[in-house]
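Visitor: File follows, final_12.pdb with PDB, C-alpha atoms, pLDDT in the B column:
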```pdb
MODEL        1
ATOM      1  CA  GLY A1360     113.287  68.040  66.639  1.00 57.00           C
ATOM      2  CA  TYR A1361     115.947  70.540  67.552  1.00 66.00           C
ATOM      3  CA  THR A1362     116.357  72.181  70.947  1.00 65.00           C
ATOM      4  CA  TYR A1363     114.758  75.493  69.943  1.00 70.00           C
ATOM      5  CA  SER A1364     112.481  74.466  67.072  1.00 76.00           C
ATOM      6  CA  GLY A1365     109.157  74.339  68.921  1.00 77.00           C
ATOM      7  CA  HIS A1366     109.040  70.571  69.372  1.00 82.00           C
ATOM      8  CA  PRO A1367     105.498  69.726  70.574  1.00 85.00           C
ATOM      9  CA  LEU A1368     106.690  67.882  73.687  1.00 86.00           C
ATOM     10  CA  ALA A1369     109.018  70.732  74.670  1.00 83.00           C
ATOM     11  CA  ALA A1370     106.241  73.269  74.053  1.00 87.00           C
ATOM     12  CA  ALA A1371     103.820  71.254  76.227  1.00 92.00           C
ATOM     13  CA  ALA A1372     106.388  71.128  79.024  1.00 92.00           C
ATOM     14  CA  ALA A1373     106.933  74.887  78.773  1.00 91.00           C
ATOM     15  CA  ILE A1374     103.185  75.590  78.933  1.00 95.00           C
ATOM     16  CA  ALA A1375     102.795  73.281  81.939  1.00 97.00           C
ATOM     17  CA  THR A1376     105.701  75.026  83.666  1.00 95.00           C
ATOM     18  CA  LEU A1377     104.218  78.469  83.038  1.00 96.00           C
ATOM     19  CA  ASN A1378     100.898  77.258  84.452  1.00 97.00           C
ATOM     20  CA  VAL A1379     102.604  76.105  87.674  1.00 96.00           C
ATOM     21  CA  TYR A1380     104.389  79.466  87.977  1.00 96.00           C
ATOM     22  CA  ARG A1381     101.040  81.248  87.587  1.00 97.00           C
ATOM     23  CA  GLU A1382      99.004  78.945  89.859  1.00 97.00           C
ATOM     24  CA  GLU A1383     101.570  78.946  92.665  1.00 95.00           C
ATOM     25  CA  GLN A1384     102.353  82.656  92.182  1.00 96.00           C
ATOM     26  CA  LEU A1385     106.087  81.901  92.172  1.00 96.00           C
ATOM     27  CA  PHE A1386     107.157  85.246  90.717  1.00 94.00           C
ATOM     28  CA  GLN A1387     105.073  87.133  93.297  1.00 96.00           C
ATOM     29  CA  ARG A1388     106.461  84.946  96.075  1.00 95.00           C
ATOM     30  CA  ALA A1389     110.031  85.594  94.905  1.00 95.00           C
ATOM     31  CA  ALA A1390     109.408  89.339  94.710  1.00 96.00           C
ATOM     32  CA  GLU A1391     108.065  89.332  98.279  1.00 96.00           C
ATOM     33  CA  MET A1392     111.060  87.313  99.543  1.00 97.00           C
ATOM     34  CA  ALA A1393     113.674  89.425  97.698  1.00 97.00           C
ATOM     35  CA  PRO A1394     114.108  92.184 100.341  1.00 98.00           C
ATOM     36  CA  TYR A1395     114.612  89.608 103.099  1.00 98.00           C
ATOM     37  CA  PHE A1396     117.096  87.684 100.944  1.00 98.00           C
ATOM     38  CA  GLU A1397     118.957  90.903 100.097  1.00 98.00           C
ATOM     39  CA  GLU A1398     119.246  91.885 103.765  1.00 98.00           C
ATOM     40  CA  ALA A1399     120.504  88.403 104.676  1.00 98.00           C
ATOM     41  CA  ALA A1400     123.068  88.430 101.856  1.00 98.00           C
ATOM     42  CA  HIS A1401     124.415  91.847 102.814  1.00 98.00           C
ATOM     43  CA  SER A1402     124.624  90.820 106.475  1.00 98.00           C
ATOM     44  CA  LEU A1403     127.796  88.954 105.478  1.00 98.00           C
ATOM     45  CA  GLN A1404     129.563  92.247 104.734  1.00 97.00           C
ATOM     46  CA  GLY A1405     132.437  92.718 107.158  1.00 97.00           C
ATOM     47  CA  LEU A1406     133.045  89.013 107.705  1.00 98.00           C
ATOM     48  CA  PRO A1407     136.514  87.620 106.970  1.00 97.00           C
ATOM     49  CA  PHE A1408     137.491  87.617 103.296  1.00 97.00           C
ATOM     50  CA  VAL A1409     134.243  89.192 102.022  1.00 98.00           C
ATOM     51  CA  LYS A1410     135.234  91.703  99.374  1.00 97.00           C
ATOM     52  CA  ASP A1411     131.858  92.541  97.811  1.00 98.00           C
ATOM     53  CA  ILE A1412     128.245  91.401  97.811  1.00 98.00           C
ATOM     54  CA  ARG A1413     125.917  91.904  94.873  1.00 97.00           C
ATOM     55  CA  ASN A1414     122.341  90.805  94.448  1.00 97.00           C
ATOM     56  CA  LEU A1415     119.263  91.151  92.305  1.00 97.00           C
ATOM     57  CA  GLY A1416     116.082  89.587  93.605  1.00 95.00           C
ATOM     58  CA  LEU A1417     116.853  86.057  94.791  1.00 97.00           C
ATOM     59  CA  VAL A1418     120.266  85.952  93.144  1.00 97.00           C
ATOM     60  CA  ALA A1419     123.447  86.934  94.972  1.00 97.00           C
ATOM     61  CA  GLY A1420     127.169  86.925  94.379  1.00 97.00           C
ATOM     62  CA  ILE A1421     129.535  86.966  97.341  1.00 97.00           C
ATOM     63  CA  GLU A1422     133.007  87.961  96.176  1.00 97.00           C
ATOM     64  CA  LEU A1423     135.900  86.874  98.367  1.00 97.00           C
ATOM     65  CA  GLU A1424     139.421  88.239  98.587  1.00 97.00           C
ATOM     66  CA  SER A1425     141.692  86.023  96.521  1.00 96.00           C
ATOM     67  CA  ILE A1426     144.657  84.215  98.003  1.00 96.00           C
ATOM     68  CA  ALA A1427     147.821  85.645  96.428  1.00 95.00           C
ATOM     69  CA  GLY A1428     148.939  83.390  93.595  1.00 96.00           C
ATOM     70  CA  LYS A1429     145.929  81.093  94.022  1.00 96.00           C
ATOM     71  CA  PRO A1430     142.933  82.707  92.343  1.00 95.00           C
ATOM     72  CA  GLY A1431     139.747  80.754  92.992  1.00 95.00           C
ATOM     73  CA  ALA A1432     141.171  78.756  95.916  1.00 96.00           C
ATOM     74  CA  ARG A1433     139.256  80.615  98.620  1.00 96.00           C
ATOM     75  CA  GLY A1434     136.006  80.421  96.684  1.00 95.00           C
ATOM     76  CA  TYR A1435     136.500  76.708  96.126  1.00 95.00           C
ATOM     77  CA  GLU A1436     137.145  76.166  99.843  1.00 95.00           C
ATOM     78  CA  LEU A1437     133.920  77.964 100.756  1.00 94.00           C
ATOM     79  CA  PHE A1438     132.033  76.042  98.070  1.00 93.00           C
ATOM     80  CA  THR A1439     133.271  72.614  99.189  1.00 95.00           C
ATOM     81  CA  ARG A1440     132.881  73.301 102.897  1.00 94.00           C
ATOM     82  CA  ALA A1441     129.352  74.639 102.375  1.00 92.00           C
ATOM     83  CA  PHE A1442     128.410  71.364 100.721  1.00 91.00           C
ATOM     84  CA  TRP A1443     130.263  68.873 102.898  1.00 94.00           C
ATOM     85  CA  GLU A1444     129.825  70.571 106.273  1.00 92.00           C
ATOM     86  CA  LYS A1445     126.440  72.230 105.870  1.00 93.00           C
ATOM     87  CA  GLY A1446     124.726  70.358 103.029  1.00 92.00           C
ATOM     88  CA  LEU A1447     124.359  73.618 101.117  1.00 93.00           C
ATOM     89  CA  LEU A1448     124.539  73.269  97.342  1.00 90.00           C
ATOM     90  CA  THR A1449     125.947  76.439  95.804  1.00 92.00           C
ATOM     91  CA  ARG A1450     127.936  77.450  92.752  1.00 93.00           C
ATOM     92  CA  VAL A1451     131.313  79.117  92.579  1.00 94.00           C
ATOM     93  CA  THR A1452     133.008  81.118  89.847  1.00 94.00           C
ATOM     94  CA  GLY A1453     136.580  81.852  90.814  1.00 95.00           C
ATOM     95  CA  ASP A1454     136.364  83.549  94.198  1.00 97.00           C
ATOM     96  CA  ILE A1455     132.682  84.420  93.845  1.00 97.00           C
ATOM     97  CA  LEU A1456     130.060  82.279  95.540  1.00 96.00           C
ATOM     98  CA  ALA A1457     126.882  82.421  93.450  1.00 96.00           C
ATOM     99  CA  LEU A1458     123.534  81.850  95.117  1.00 96.00           C
ATOM    100  CA  SER A1459     120.212  81.384  93.329  1.00 95.00           C
ATOM    101  CA  PRO A1460     117.810  79.442  95.523  1.00 95.00           C
ATOM    102  CA  PRO A1461     114.497  77.992  94.350  1.00 94.00           C
ATOM    103  CA  LEU A1462     111.628  80.456  94.189  1.00 94.00           C
ATOM    104  CA  ILE A1463     109.836  78.535  96.959  1.00 93.00           C
ATOM    105  CA  ILE A1464     112.514  79.346  99.563  1.00 95.00           C
ATOM    106  CA  ASN A1465     111.231  80.590 102.914  1.00 96.00           C
ATOM    107  CA  LYS A1466     112.714  82.894 105.564  1.00 97.00           C
ATOM    108  CA  LYS A1467     113.913  80.043 107.771  1.00 98.00           C
ATOM    109  CA  GLN A1468     115.812  78.542 104.833  1.00 97.00           C
ATOM    110  CA  VAL A1469     117.316  81.936 103.937  1.00 98.00           C
ATOM    111  CA  ASP A1470     118.500  82.283 107.534  1.00 98.00           C
ATOM    112  CA  GLU A1471     119.981  78.774 107.498  1.00 97.00           C
ATOM    113  CA  MET A1472     121.756  79.380 104.181  1.00 96.00           C
ATOM    114  CA  PHE A1473     123.390  82.661 105.159  1.00 98.00           C
ATOM    115  CA  GLY A1474     124.034  81.468 108.714  1.00 97.00           C
ATOM    116  CA  SER A1475     125.929  78.475 107.329  1.00 96.00           C
ATOM    117  CA  ILE A1476     127.960  80.663 104.998  1.00 96.00           C
ATOM    118  CA  ALA A1477     128.752  83.062 107.864  1.00 97.00           C
ATOM    119  CA  ASP A1478     129.888  80.186 110.092  1.00 96.00           C
ATOM    120  CA  ILE A1479     132.235  78.919 107.399  1.00 96.00           C
ATOM    121  CA  LEU A1480     133.653  82.367 106.630  1.00 96.00           C
ATOM    122  CA  LYS A1481     134.383  82.960 110.317  1.00 97.00           C
ATOM    123  CA  SER A1482     136.315  79.700 110.529  1.00 95.00           C
ATOM    124  CA  MET A1483     138.358  80.088 107.320  1.00 94.00           C
ATOM    125  CA  LYS A1484     142.021  80.983 107.454  1.00 89.00           C
TER     126      LYS A1484
ENDMDL
END
```
How does this structure look as structure tokens?

Guide:
Amino acid sequence: GYTYSGHPLAAAAAIATLNVYREEQLFQRAAEMAPYFEEAAHSLQGLPFVKDIRNLGLVAGIELESIAGKPGARGYELFTRAFWEKGLLTRVTGDILALSPPLIINKKQVDEMFGSIADILKSMK
């Protein structure tokens, strides 16, 4: 079958996934965690190189000031240091660090994530 043609195995996997979301109340959990995540994300405002912070629910974009003539270099540095120094797997698009943690994230993990990012930002040149 094709990717979007309702293949029975793909449909069964989708139904099973929806059941897990319902049983574990993942959307409710994410909605309850969103204000805490938003506050943690915006706590980075004012740190070195932070240009803008945007978020919606448990998704955030942290835009950094670009290095003149080297667009994306600062974002890549933050991305690689987050992984290698802190074990934090993130995504970067140019000079924007994109965060979208799993819906099961807890407050301690949110604190660790944004604490790690803050530590790196404070040490960047």

Visitor: Would you kindly translate the PyMOL selection byres ((chain A and resi 1425) around 10) into the concrete residues it picks from this file, as number ranges by chain?

Guide: A: 1408-1410, 1422-1424, 1426-1434, 1453-1455

Visitor: So that I have them on file, write out the residues from the current selection with C-alpha atoms, as a compact mmCIF listing (two decimals), in the frame of the given file.

Guide:
```
# COMPACT_ATOMS: atom_id res chain seq x y z
CA PHE A 1408 137.49 87.62 103.30
CA VAL A 1409 134.24 89.19 102.02
CA LYS A 1410 135.23 91.70 99.37
CA GLU A 1422 133.01 87.96 96.18
CA LEU A 1423 135.90 86.87 98.37
CA GLU A 1424 139.42 88.24 98.59
CA ILE A 1426 144.66 84.22 98.00
CA ALA A 1427 147.82 85.64 96.43
CA GLY A 1428 148.94 83.39 93.60
CA LYS A 1429 145.93 81.09 94.02
CA PRO A 1430 142.93 82.71 92.34
CA GLY A 1431 139.75 80.75 92.99
CA ALA A 1432 141.17 78.76 95.92
CA ARG A 1433 139.26 80.61 98.62
CA GLY A 1434 136.01 80.42 96.68
CA GLY A 1453 136.58 81.85 90.81
CA ASP A 1454 136.36 83.55 94.20
CA ILE A 1455 132.68 84.42 93.84
```

Visitor: Please identify all polymer residues within 12 Å of A:Ile1421, counting all atoms listed in the file, omitting same-chain residues fewer than 2 positions from it, and present them as a ChimeraX atom specification.

Guide: /A:1397,1399-1414,1418-1419,1423-1424,1433-1434,1437-1438,1449-1459,1473,1476-1477,1480

Visitor: Output the residue selection produced by the PyMOL selection byres ((chain A and resi 1387-1391) around 10) on the file above, formatted as a list in words.

Guide: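 Written out, the selection comes to Tyr1380, Arg1381, Glu1383, Gln1384, Leu1385, Phe1386, Met1392, Ala1393, Pro1394, Tyr1395, Phe1396, Gly1416, Leu1417, Pro1460, Pro1461, Leu1462, Ile1463, Ile1464 and Asn1465 of chain A.
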
Visitor: Kindly provide, as JSON, the centre and edge lengths (Å, one decimal) of an axis-aligned box around all atoms of stretch 1439-1445 of chain A given in the file, with 5 Å on each side.

Guide:
```
{"center_x": 129.9, "center_y": 71.8, "center_z": 102.7, "size_x": 16.8, "size_y": 15.8, "size_z": 17.1}
```

Visitor: Between atom CA of A:Leu1415 and atom CA of A:Gln1468, what is the spacing in Å?

Guide: 18.1 Å

Visitor: Give me, please, the distance in Å between atom CA of A:Trp1443 and atom CA of A:Glu1398, quoted to one decimal.

Guide: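 Here the two named atoms are 25.5 Å from each other.
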
Visitor: Which value, in Å to one decimal, gives the distance between atom CA of A:Met1483 and atom CA of A:Gly1446?

Guide: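 The value is 17.3 Å.
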